[in-house]
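Here is run15.txt, consisting of compact mmCIF, C-alpha atoms and all ligand atoms:
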```
# COMPACT_ATOMS: atom_id res chain seq x y z
CA MET M 1 -8.06 23.07 -22.34
CA PRO M 2 -7.58 20.97 -19.14
CA LYS M 3 -4.02 20.79 -17.90
CA THR M 4 -2.07 17.59 -18.52
CA LEU M 5 0.58 15.78 -16.48
CA ASN M 6 3.11 13.44 -18.05
CA ILE M 7 3.51 10.35 -15.92
CA ALA M 8 6.38 7.87 -15.86
CA LEU M 9 5.98 4.56 -14.06
CA ILE M 10 8.91 2.38 -12.96
CA GLY M 11 7.89 -1.28 -12.61
CA SER M 12 5.69 -3.23 -14.99
CA LYS M 13 4.54 -6.33 -13.13
CA PHE M 14 1.89 -6.63 -10.40
CA MET M 15 1.81 -2.98 -9.33
CA GLY M 16 2.79 -1.91 -12.85
CA ARG M 17 -0.56 -3.27 -14.01
CA THR M 18 -2.66 -1.79 -11.18
CA HIS M 19 -1.11 1.67 -11.61
CA SER M 20 -1.34 1.57 -15.43
CA ASN M 21 -4.99 0.61 -15.09
CA ALA M 22 -5.54 3.52 -12.68
CA TYR M 23 -4.03 6.11 -15.05
CA LEU M 24 -5.92 4.62 -18.01
CA ASN M 25 -9.29 4.91 -16.26
CA VAL M 26 -9.13 7.79 -13.80
CA ALA M 27 -10.17 10.58 -16.21
CA LYS M 28 -13.04 8.45 -17.52
CA PHE M 29 -14.73 8.11 -14.11
CA PHE M 30 -13.59 11.27 -12.28
CA ASP M 31 -13.69 14.91 -13.40
CA VAL M 32 -10.02 15.31 -12.63
CA PRO M 33 -8.52 18.81 -12.75
CA ILE M 34 -5.44 17.45 -14.56
CA THR M 35 -5.48 14.81 -17.30
CA PRO M 36 -2.77 12.17 -16.88
CA VAL M 37 -0.70 11.32 -19.95
CA MET M 38 0.90 7.87 -19.84
CA HIS M 39 4.30 9.04 -21.04
CA THR M 40 6.95 6.40 -20.17
CA ILE M 41 7.03 2.96 -18.59
CA ALA M 42 10.41 1.78 -17.24
CA ALA M 43 11.43 -1.68 -16.01
CA ARG M 44 14.24 -4.19 -16.51
CA ASP M 45 12.97 -6.57 -19.16
CA ALA M 46 13.02 -4.92 -22.63
CA GLU M 47 11.16 -7.76 -24.34
CA ASP M 48 8.36 -7.62 -21.79
CA LEU M 49 8.19 -3.83 -22.01
CA ALA M 50 7.79 -3.94 -25.80
CA THR M 51 4.50 -5.79 -25.27
CA PHE M 52 3.46 -4.09 -22.03
CA ALA M 53 3.79 -0.47 -23.25
CA PRO M 54 1.36 -0.56 -26.21
CA ARG M 55 -1.02 -2.93 -24.42
CA TRP M 56 -1.45 -0.54 -21.47
CA GLY M 57 -1.25 2.71 -23.43
CA TRP M 58 2.25 3.95 -22.59
CA LEU M 59 3.77 6.19 -25.28
CA LYS M 60 7.38 5.15 -24.61
CA PHE M 61 9.36 2.54 -22.69
CA THR M 62 12.89 2.29 -21.35
CA THR M 63 15.06 -0.14 -19.38
CA ARG M 64 17.03 2.80 -17.95
CA TRP M 65 14.86 4.24 -15.16
CA LYS M 66 17.10 7.31 -14.84
CA ASP M 67 15.80 8.40 -18.27
CA VAL M 68 12.47 9.34 -16.71
CA CYS M 69 14.13 11.54 -14.07
CA GLU M 70 16.26 13.24 -16.73
CA ASP M 71 13.29 13.83 -19.06
CA GLU M 72 12.07 17.38 -18.44
CA ASN M 73 8.66 16.54 -19.91
CA VAL M 74 7.88 14.09 -17.10
CA GLY M 75 5.94 15.65 -14.20
CA LEU M 76 5.28 12.66 -11.94
CA VAL M 77 7.46 9.60 -11.37
CA ASP M 78 5.63 6.57 -9.97
CA VAL M 79 7.88 4.01 -8.24
CA GLY M 80 6.43 0.48 -8.44
CA THR M 81 9.64 -1.50 -7.89
CA PRO M 82 10.96 -3.75 -5.09
CA ASN M 83 11.49 -1.98 -1.77
CA HIS M 84 15.29 -1.63 -1.87
CA VAL M 85 15.17 0.71 -4.87
CA HIS M 86 12.36 2.97 -3.63
CA ALA M 87 14.82 5.38 -2.01
CA GLU M 88 17.26 5.73 -4.91
CA GLN M 89 14.50 6.17 -7.49
CA SER M 90 12.27 8.47 -5.42
CA ILE M 91 15.14 10.69 -4.33
CA ALA M 92 16.46 11.02 -7.91
CA ALA M 93 12.98 11.99 -9.10
CA LEU M 94 12.49 14.51 -6.27
CA GLU M 95 15.90 16.05 -6.96
CA ALA M 96 14.84 16.42 -10.60
CA GLY M 97 11.77 18.39 -9.43
CA LYS M 98 9.14 15.70 -10.11
CA HIS M 99 6.12 14.78 -8.05
CA VAL M 100 6.64 11.23 -6.74
CA ALA M 101 4.18 8.43 -6.01
CA CYS M 102 5.88 5.44 -4.39
CA GLU M 103 4.61 1.98 -3.60
CA LYS M 104 4.37 0.82 0.01
CA PRO M 105 6.13 0.25 2.29
CA LEU M 106 7.85 3.63 1.90
CA ALA M 107 11.14 1.68 1.97
CA GLY M 108 12.66 -1.62 3.08
CA THR M 109 14.57 0.06 5.93
CA LEU M 110 14.02 2.99 8.27
CA ASP M 111 17.30 4.48 7.09
CA ASP M 112 16.14 4.57 3.45
CA ALA M 113 12.77 5.96 4.54
CA ARG M 114 14.47 8.74 6.52
CA GLN M 115 16.46 9.78 3.45
CA MET M 116 13.28 9.79 1.35
CA LEU M 117 11.56 11.98 3.91
CA ALA M 118 14.48 14.45 3.87
CA ALA M 119 14.41 14.57 0.05
CA ALA M 120 10.65 15.18 0.10
CA LYS M 121 11.06 18.04 2.57
CA ALA M 122 13.82 19.58 0.43
CA ALA M 123 11.76 19.36 -2.79
CA ARG M 124 9.30 22.05 -1.79
CA LYS M 125 7.40 22.16 -5.07
CA SER M 126 6.96 18.41 -5.32
CA LYS M 127 4.03 16.47 -3.92
CA THR M 128 4.66 12.98 -2.60
CA PHE M 129 2.26 10.04 -2.38
CA VAL M 130 2.48 6.47 -1.09
CA TRP M 131 0.18 3.80 -2.48
CA TYR M 132 -1.55 2.73 0.71
CA ASN M 133 -4.45 1.88 -1.58
CA TYR M 134 -6.74 0.33 1.06
CA ARG M 135 -7.45 3.84 2.41
CA ARG M 136 -9.43 4.38 -0.77
CA VAL M 137 -11.57 1.27 -0.60
CA PRO M 138 -14.99 2.91 -0.03
CA ALA M 139 -15.75 0.87 3.12
CA VAL M 140 -12.39 1.82 4.70
CA ALA M 141 -12.77 5.49 3.73
CA PHE M 142 -16.28 5.34 5.23
CA ALA M 143 -14.93 3.84 8.48
CA HIS M 144 -12.46 6.76 8.65
CA GLN M 145 -15.36 9.20 8.20
CA LEU M 146 -17.47 7.50 10.90
CA VAL M 147 -14.65 7.81 13.45
CA LYS M 148 -14.01 11.43 12.43
CA GLU M 149 -17.71 12.27 12.90
CA GLY M 150 -17.49 10.84 16.43
CA LYS M 151 -19.83 7.91 15.72
CA LEU M 152 -17.56 5.47 17.59
CA GLY M 153 -16.71 7.87 20.42
CA ARG M 154 -13.59 7.05 22.39
CA ILE M 155 -11.69 4.17 20.78
CA TYR M 156 -10.79 1.26 23.08
CA HIS M 157 -9.56 -1.50 20.77
CA VAL M 158 -8.03 -1.95 17.32
CA ARG M 159 -7.57 -5.54 16.14
CA ALA M 160 -5.94 -5.94 12.75
CA ALA M 161 -4.74 -8.98 10.83
CA TYR M 162 -3.57 -9.36 7.24
CA LEU M 163 -3.43 -13.06 6.39
CA GLN M 164 -2.30 -14.73 3.18
CA ASP M 165 -1.18 -18.30 2.47
CA TRP M 166 0.91 -18.17 -0.71
CA GLY M 167 4.25 -18.48 1.10
CA GLY M 168 4.46 -22.28 1.45
CA PRO M 169 7.60 -24.36 0.74
CA ASP M 170 6.85 -24.54 -3.01
CA THR M 171 7.06 -20.78 -3.44
CA PRO M 172 10.52 -19.92 -4.85
CA LEU M 173 13.02 -17.39 -3.54
CA LEU M 174 11.36 -14.27 -4.94
CA TRP M 175 12.78 -10.83 -4.08
CA ARG M 176 10.07 -10.74 -1.41
CA PHE M 177 12.04 -13.38 0.58
CA LYS M 178 15.36 -11.54 0.40
CA GLY M 179 16.07 -9.17 3.28
CA LYS M 180 18.39 -6.96 1.21
CA GLN M 181 15.63 -6.30 -1.33
CA ALA M 182 12.43 -6.48 0.67
CA GLY M 183 13.66 -5.24 4.07
CA SER M 184 11.24 -7.62 5.77
CA GLY M 185 8.70 -10.27 4.74
CA ALA M 186 5.04 -10.39 5.71
CA HIS M 187 5.79 -7.49 8.05
CA GLY M 188 6.63 -4.76 5.51
CA ASP M 189 4.34 -6.35 2.96
CA LEU M 190 1.18 -6.86 5.03
CA ASN M 191 1.56 -5.31 8.49
CA ALA M 192 2.49 -2.08 6.68
CA HIS M 193 -1.03 -1.96 5.20
CA ILE M 194 -2.87 -2.64 8.47
CA ILE M 195 -0.73 -0.21 10.46
CA ASP M 196 -1.57 2.45 7.88
CA MET M 197 -5.27 1.50 7.97
CA ALA M 198 -5.35 1.59 11.78
CA ARG M 199 -3.72 5.04 11.85
CA PHE M 200 -5.99 6.25 9.05
CA ILE M 201 -9.28 4.96 10.48
CA THR M 202 -8.63 6.06 14.07
CA GLY M 203 -6.86 9.33 13.16
CA ASP M 204 -4.49 8.47 16.00
CA GLU M 205 -0.79 7.63 16.25
CA ILE M 206 0.90 4.59 17.79
CA THR M 207 3.18 5.56 20.66
CA GLU M 208 4.50 2.19 21.85
CA VAL M 209 5.02 -1.30 20.50
CA VAL M 210 5.33 -4.27 22.81
CA GLY M 211 5.30 -8.06 22.78
CA SER M 212 6.37 -8.55 19.20
CA ILE M 213 7.24 -11.93 17.71
CA GLU M 214 8.59 -12.83 14.25
CA GLU M 215 9.07 -16.23 12.63
CA THR M 216 10.53 -17.62 9.40
CA PHE M 217 8.83 -20.99 8.93
CA ILE M 218 10.39 -21.81 5.55
CA LYS M 219 14.13 -21.25 5.82
CA LYS M 220 15.22 -22.33 2.32
CA ARG M 221 13.50 -21.76 -1.01
CA GLU M 222 14.23 -22.84 -4.55
CA ILE M 223 16.03 -20.42 -6.83
CA ILE M 224 14.32 -20.16 -10.21
CA GLU M 225 15.58 -17.88 -12.97
CA SER M 226 13.17 -16.55 -15.59
CA ALA M 227 14.18 -15.88 -19.18
CA GLY M 228 14.77 -12.20 -18.28
CA GLY M 229 17.22 -13.23 -15.55
CA GLU M 230 14.82 -12.19 -12.75
CA ILE M 231 13.72 -14.55 -10.03
CA ALA M 232 10.37 -15.67 -11.29
CA GLY M 233 7.22 -16.79 -9.56
CA LYS M 234 5.56 -20.20 -9.28
CA GLY M 235 5.35 -22.07 -12.56
CA ALA M 236 8.28 -20.27 -14.20
CA LYS M 237 10.42 -22.29 -16.57
CA LYS M 238 13.17 -24.00 -14.60
CA THR M 239 16.64 -24.01 -16.11
CA GLY M 240 19.30 -26.47 -14.95
CA LYS M 241 19.18 -28.46 -11.73
CA LYS M 242 17.53 -27.35 -8.48
CA ARG M 243 19.31 -24.74 -6.41
CA TYR M 244 18.21 -23.43 -3.02
CA GLY M 245 18.86 -20.18 -1.20
CA ARG M 246 18.07 -18.89 2.29
CA SER M 247 14.98 -16.85 3.00
CA THR M 248 16.19 -13.88 5.04
CA VAL M 249 12.83 -12.39 5.97
CA ASP M 250 9.98 -13.22 8.35
CA ASP M 251 6.99 -15.24 7.19
CA ALA M 252 4.86 -13.93 10.07
CA VAL M 253 5.03 -11.07 12.57
CA MET M 254 2.61 -10.32 15.42
CA PHE M 255 2.75 -7.42 17.86
CA LEU M 256 0.79 -5.33 20.34
CA ALA M 257 0.65 -1.54 20.38
CA ARG M 258 -0.71 1.45 22.27
CA PHE M 259 -2.21 4.55 20.65
CA LYS M 260 -1.71 8.14 21.85
CA ARG M 261 -5.36 8.54 22.89
CA GLY M 262 -5.25 5.32 24.91
CA ALA M 263 -6.54 2.61 22.57
CA VAL M 264 -4.74 -0.73 22.62
CA ALA M 265 -4.12 -2.70 19.44
CA SER M 266 -2.96 -6.00 18.04
CA PHE M 267 -1.46 -6.59 14.60
CA GLU M 268 -0.77 -9.89 12.84
CA ALA M 269 0.61 -10.61 9.36
CA SER M 270 1.33 -13.98 7.82
CA ARG M 271 2.07 -15.55 4.44
CA LEU M 272 1.35 -19.01 5.84
CA ALA M 273 -2.18 -18.59 7.20
CA THR M 274 -3.55 -21.63 5.40
CA GLY M 275 -6.92 -20.93 3.82
CA ASP M 276 -6.73 -17.13 3.97
CA LYS M 277 -5.87 -15.63 0.58
CA ASN M 278 -6.08 -11.90 1.08
CA ALA M 279 -7.81 -11.54 4.43
CA ASN M 280 -7.02 -7.94 5.28
CA ARG M 281 -9.17 -7.40 8.38
CA ILE M 282 -9.58 -4.63 10.89
CA GLU M 283 -11.93 -4.23 13.85
CA VAL M 284 -12.32 -1.06 15.89
CA HIS M 285 -14.32 -0.95 19.13
CA GLY M 286 -15.36 2.42 20.52
CA GLU M 287 -17.49 3.69 23.36
CA LYS M 288 -20.47 4.49 21.09
CA GLY M 289 -20.02 1.96 18.32
CA ALA M 290 -17.78 -0.51 16.54
CA ILE M 291 -16.82 -1.49 12.99
CA LYS M 292 -15.42 -4.59 11.29
CA PHE M 293 -13.91 -4.75 7.79
CA ASN M 294 -12.57 -7.71 5.82
CA PHE M 295 -11.15 -7.01 2.36
CA GLU M 296 -12.44 -10.36 1.11
CA ARG M 297 -15.91 -8.77 1.47
CA MET M 298 -14.67 -5.33 0.51
CA ASN M 299 -18.03 -3.77 -0.35
CA GLU M 300 -19.31 -4.29 3.19
CA LEU M 301 -18.71 -2.62 6.53
CA GLU M 302 -20.07 -4.20 9.67
CA TRP M 303 -21.41 -1.64 12.12
CA TYR M 304 -22.60 -1.87 15.72
CA ASP M 305 -24.47 1.10 17.21
CA ASN M 306 -24.08 1.15 20.97
CA THR M 307 -26.26 4.26 21.34
CA VAL M 308 -29.61 2.73 20.35
CA PRO M 309 -31.78 1.05 23.03
CA ASP M 310 -30.31 -2.22 24.24
CA LYS M 311 -33.08 -4.34 22.70
CA MET M 312 -32.31 -2.84 19.26
CA GLN M 313 -28.57 -3.44 19.39
CA GLY M 314 -26.83 -5.86 17.05
CA TRP M 315 -24.29 -5.97 14.24
CA SER M 316 -25.56 -4.74 10.89
CA THR M 317 -23.89 -5.07 7.52
CA ILE M 318 -23.74 -1.86 5.51
CA ASN M 319 -23.42 -2.34 1.78
CA VAL M 320 -21.02 0.54 1.11
CA THR M 321 -22.21 1.22 -2.43
CA ARG M 322 -24.63 4.12 -2.01
CA GLY M 323 -23.15 7.17 -3.65
CA ASP M 324 -24.72 10.26 -5.12
CA GLY M 325 -21.39 12.10 -5.28
CA THR M 326 -22.26 14.18 -2.17
CA ALA M 327 -21.43 13.83 1.52
CA ASN M 328 -24.75 11.94 1.87
CA GLY M 329 -23.35 9.03 -0.08
CA HIS M 330 -20.47 6.68 0.57
CA PRO M 331 -17.03 8.00 -0.41
CA TYR M 332 -15.90 7.44 -4.02
CA VAL M 333 -18.82 5.26 -5.08
CA GLY M 334 -20.73 8.17 -6.69
CA ASN M 335 -18.06 8.00 -9.41
CA TRP M 336 -18.73 4.32 -10.03
CA TRP M 337 -21.90 2.32 -10.42
CA PRO M 338 -25.46 2.34 -9.02
CA ALA M 339 -26.09 0.92 -5.52
CA SER M 340 -25.00 -2.70 -5.03
CA HIS M 341 -23.15 -2.79 -8.37
CA LEU M 342 -19.95 -3.75 -6.61
CA VAL M 343 -16.42 -2.37 -6.89
CA GLY M 344 -13.19 -4.40 -6.77
CA TYR M 345 -9.47 -4.33 -5.96
CA GLU M 346 -8.58 -2.00 -8.83
CA HIS M 347 -10.97 0.74 -7.73
CA GLY M 348 -8.86 1.68 -4.69
CA PHE M 349 -5.97 2.46 -7.03
CA ILE M 350 -8.12 4.45 -9.47
CA ASN M 351 -9.61 6.39 -6.53
CA GLN M 352 -6.08 7.13 -5.35
CA ALA M 353 -5.00 8.33 -8.82
CA ALA M 354 -7.96 10.77 -8.75
CA ASP M 355 -6.95 12.11 -5.34
CA MET M 356 -3.29 12.45 -6.39
CA LEU M 357 -4.34 14.59 -9.36
CA ASN M 358 -6.59 16.67 -7.07
CA VAL M 359 -3.76 17.26 -4.59
CA ILE M 360 -1.33 18.24 -7.37
CA ALA M 361 -3.95 20.74 -8.60
CA GLY M 362 -4.28 22.18 -5.07
CA LYS M 363 -7.69 20.60 -4.43
CA LYS M 364 -8.78 18.46 -1.47
CA PRO M 365 -8.68 14.68 -1.72
CA VAL M 366 -11.86 12.80 -0.71
CA VAL M 367 -10.03 11.41 2.35
CA PRO M 368 -6.48 12.28 3.45
CA ILE M 369 -3.73 11.19 1.12
CA CYS M 370 -0.66 9.39 2.45
CA ASP M 371 2.49 11.37 1.67
CA PHE M 372 6.11 10.51 2.58
CA ALA M 373 5.82 12.17 6.03
CA ASP M 374 2.67 10.18 6.79
CA ALA M 375 4.16 6.89 5.51
CA TYR M 376 7.26 7.53 7.60
CA GLN M 377 5.12 7.15 10.74
CA THR M 378 4.07 3.68 9.57
CA GLN M 379 7.72 2.88 8.81
CA LYS M 380 8.64 3.80 12.39
CA VAL M 381 6.02 1.38 13.73
CA LEU M 382 7.36 -1.39 11.45
CA HIS M 383 10.86 -0.70 12.73
CA ALA M 384 9.74 -0.60 16.38
CA ALA M 385 8.00 -3.99 16.05
CA ILE M 386 11.18 -5.64 14.76
CA GLU M 387 13.27 -3.99 17.52
CA SER M 388 10.74 -5.23 20.06
CA ALA M 389 10.83 -8.80 18.68
CA ARG M 390 14.63 -9.00 18.51
CA ASN M 391 15.38 -7.34 21.86
CA ARG M 392 12.32 -8.78 23.61
CA CYS M 393 11.35 -5.43 25.05
CA PRO M 394 8.77 -2.66 24.60
CA VAL M 395 9.80 0.13 22.20
CA LYS M 396 8.55 3.70 22.46
CA LEU M 397 8.05 5.43 19.11
CA SER M 398 9.50 8.64 20.57
CA GLU M 399 12.85 6.79 20.84
CA ILE M 400 12.92 6.29 17.05
CA LYS M 401 13.95 9.33 15.03
N1 LIG E 1 -0.27 -1.49 -2.70
C1 LIG E 1 -0.32 -2.82 -2.68
O1 LIG E 1 -1.32 -3.42 -2.27
C2 LIG E 1 0.85 -3.61 -3.17
C3 LIG E 1 0.68 -4.94 -3.64
C4 LIG E 1 1.80 -5.61 -4.14
C5 LIG E 1 3.03 -4.99 -4.13
N2 LIG E 1 3.18 -3.72 -3.62
C6 LIG E 1 4.49 -3.05 -3.62
O2 LIG E 1 4.81 -2.68 -4.96
C7 LIG E 1 6.21 -2.78 -5.19
C8 LIG E 1 6.45 -3.70 -6.39
O3 LIG E 1 5.86 -4.95 -6.13
P1 LIG E 1 5.35 -5.89 -7.33
O4 LIG E 1 4.51 -6.94 -6.67
O5 LIG E 1 4.77 -5.08 -8.42
O6 LIG E 1 6.74 -6.52 -7.77
P2 LIG E 1 7.03 -7.36 -9.08
O7 LIG E 1 8.19 -8.21 -8.76
O8 LIG E 1 5.76 -7.95 -9.58
O9 LIG E 1 7.50 -6.22 -10.14
C9 LIG E 1 8.66 -5.45 -9.93
C10 LIG E 1 8.92 -4.60 -11.16
O10 LIG E 1 10.02 -3.73 -10.87
C11 LIG E 1 10.99 -3.82 -11.91
N3 LIG E 1 12.31 -3.59 -11.32
C12 LIG E 1 12.92 -4.35 -10.38
N4 LIG E 1 14.10 -3.78 -10.05
C13 LIG E 1 14.21 -2.68 -10.81
C14 LIG E 1 15.20 -1.67 -10.94
N5 LIG E 1 16.31 -1.71 -10.21
N6 LIG E 1 14.99 -0.68 -11.82
C15 LIG E 1 13.87 -0.64 -12.59
N7 LIG E 1 12.89 -1.54 -12.49
C16 LIG E 1 13.06 -2.55 -11.61
C17 LIG E 1 10.84 -5.20 -12.48
O11 LIG E 1 11.35 -5.22 -13.81
C18 LIG E 1 9.31 -5.39 -12.41
O12 LIG E 1 8.72 -4.79 -13.55
C19 LIG E 1 6.81 -3.30 -3.87
O13 LIG E 1 7.29 -2.20 -3.13
C20 LIG E 1 5.63 -3.94 -3.15
O14 LIG E 1 5.76 -3.89 -1.73
C21 LIG E 1 2.10 -3.05 -3.17
```

As structure tokens, please, write out the structure in this file.
Amino acid sequence: MPKTLNIALIGSKFMGRTHSNAYLNVAKFFDVPITPVMHTIAARDAEDLATFAPRWGWLKFTTRWKDVCEDENVGLVDVGTPNHVHAEQSIAALEAGKHVACEKPLAGTLDDARQMLAAAKAARKSKTFVWYNYRRVPAVAFAHQLVKEGKLGRIYHVRAAYLQDWGGPDTPLLWRFKGKQAGSGAHGDLNAHIIDMARFITGDEITEVVGSIEETFIKKREIIESAGGEIAGKGAKKTGKKRYGRSTVDDAVMFLARFKRGAVASFEASRLATGDKNANRIEVHGEKGAIKFNFERMNELEWYDNTVPDKMQGWSTINVTRGDGTANGHPYVGNWWPASHLVGYEHGFINQAADMLNVIAGKKPVVPICDFADAYQTQKVLHAAIESARNRCPVKLSEIK
């Protein structure tokens, strides 16, 4: 009989759906060493949970998240809630001896992240994971492998931008615009992903951040209450007359950085990049070759081989869908469909669920997993960029503990 692992997920909205979908499907597509059991879903809205739980295959639901930490049958607690509660929920689960998977960014603040790291170190038997899901998009995992194999040689440049445009003046004051809940705006939301991708693809660490700038274009946003009392998204039923509150986060942050092995990098995140919906892009230029990735064409990786004769050189587009389940194929795709039968957003999460189960069983993930210690490095870069923007000075990562 294969081993089982009872999973509890906190959060039932956007990430609640992606993670539920991952646990539902992972054992169908991957020969996982441990079968996940969708034990309990926790969130705040009981009425919503009563529909969500049976629809997504959860055995139980609760509006008291502490229940899942107190339940000795639960083996892994998955934290898919707003950033300000990541620390409290993750630390409680770690102290109760659970494995913990937490959404990104690790936390809203460096202080919270530091406490989470300490709790992870103290919980020696627990594995920790952070849902930097883009690592497990096959084209991104393949880019990581190309750099590791030395195909790009010495890295000179990293150019990363994560651009969205949903944050215009009509978007209400969601938790994502409140500093106390989100920590930051586009920065922790989007730069977090591209910092993680840059570190993951290059296998290198950022040592210095310089020339950072942050801006809040839309200072006030409408307050809209949903039936469940939560701030709801666009189109939610409005009750009473219009009320406005201050946005206390950035809408855009840009900064420059230096890597340990000498590469220089630029990062840009915005929620007001008109026309770009989910343009998560990264370019890496090396001595022997270069790559370009854009999530809006997520099955492709652009590749330039600088080692072939000059007259043969040019950008080529690799369709990252060839997988026979061995090292000859592209990572993860051997578990999915035949060549050119494309994968989507949800596959990165399912691939991550497979690797989490492998790591818990003591097996190797396809590409390195992001645990709390790894995500803490990204958190330090996020923090350094804000320090740099506010103090108008370069910030060395070694100065941040
Ligand atoms: N990996 C990614 O690409 C990605 C994408 C979107 C969001 N995220 C991250 O996922 C997390 C959640 O974002 P979301 O978009 O799903 O948010 P959301 O607002 O859609 O959902 C939040 C959920 O958390 C629940 N919740 C809120 N406060 C709670 C509390 N104190 N106790 C218990 N439950 C609580 C809500 O009831 C809701 O179910 C954030 O950290 C966000 O940064 C990651």

Restricting the calculation to only C-alpha atoms, which member of M:Met197, M:Met38, M:Val333, M:Ala119 is positioned closest to Asn21 (chain M)?
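Result for the nearest residue to Asn21 (chain M): M:Met38.
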
Taking all atoms listed in the file into account, which of M:Ile224, M:Ile41, M:Gly334, M:Lys60 comes nearest Gly245 (chain M)?
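Ranked by minimum distance to Gly245 (chain M), first place goes to M:Ile224.
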
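For the set M:Ala290, M:Leu272, M:Val359, M:Val367, the residue with the smallest atom-to-atom gap to Val32 (chain M) is M:Val359, counting all atoms listed in the file.
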
Using CA of Val253 (chain M) and CA of Ser388 (chain M) as the two end points, give the distance in Å to one decimal.
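Atom-to-atom, CA of Val253 (chain M) to CA of Ser388 (chain M), that is 11.1 Å.
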
For Val130 (chain M), please output as a list in words all residues within 7 Å (counting all atoms listed in the file; exclusion window: fewer than 4 positions along the same chain).
Ala101, Cys102, Glu103, Lys104, Leu106, Cys370, Asp371, Phe372 and Ala375 of chain M

Which chain M residues have any atom within 6 Å of an atom of ligand LIG 1 (chain E), and for each, what is the nearest pair of atoms with distance in Å to one decimal, counting only C-alpha atoms and all ligand atoms, rows sorted by chain and number, as CSV?
```
residue,atom,partner,partner_atom,distance
M:Ile10,CA,E:LIG1,N7,5.6
M:Gly11,CA,E:LIG1,O10,3.7
M:Ser12,CA,E:LIG1,O12,3.7
M:Lys13,CA,E:LIG1,O8,4.1
M:Phe14,CA,E:LIG1,O5,3.8
M:Met15,CA,E:LIG1,O5,3.7
M:Gly16,CA,E:LIG1,O5,5.8
M:Ala43,CA,E:LIG1,N7,3.8
M:Arg44,CA,E:LIG1,O11,4.1
M:Asp45,CA,E:LIG1,O11,5.8
M:Trp65,CA,E:LIG1,C15,5.6
M:Gly80,CA,E:LIG1,C7,4.6
M:Thr81,CA,E:LIG1,O10,3.7
M:Pro82,CA,E:LIG1,C19,4.3
M:Asn83,CA,E:LIG1,O13,4.4
M:Val85,CA,E:LIG1,N5,6.0
M:Glu103,CA,E:LIG1,O2,4.9
M:Lys104,CA,E:LIG1,O14,5.2
M:Pro105,CA,E:LIG1,O14,5.8
M:Trp131,CA,E:LIG1,N1,5.3
M:Tyr132,CA,E:LIG1,N1,5.6
M:Asn133,CA,E:LIG1,N1,5.5
M:Asp189,CA,E:LIG1,O14,5.5
```
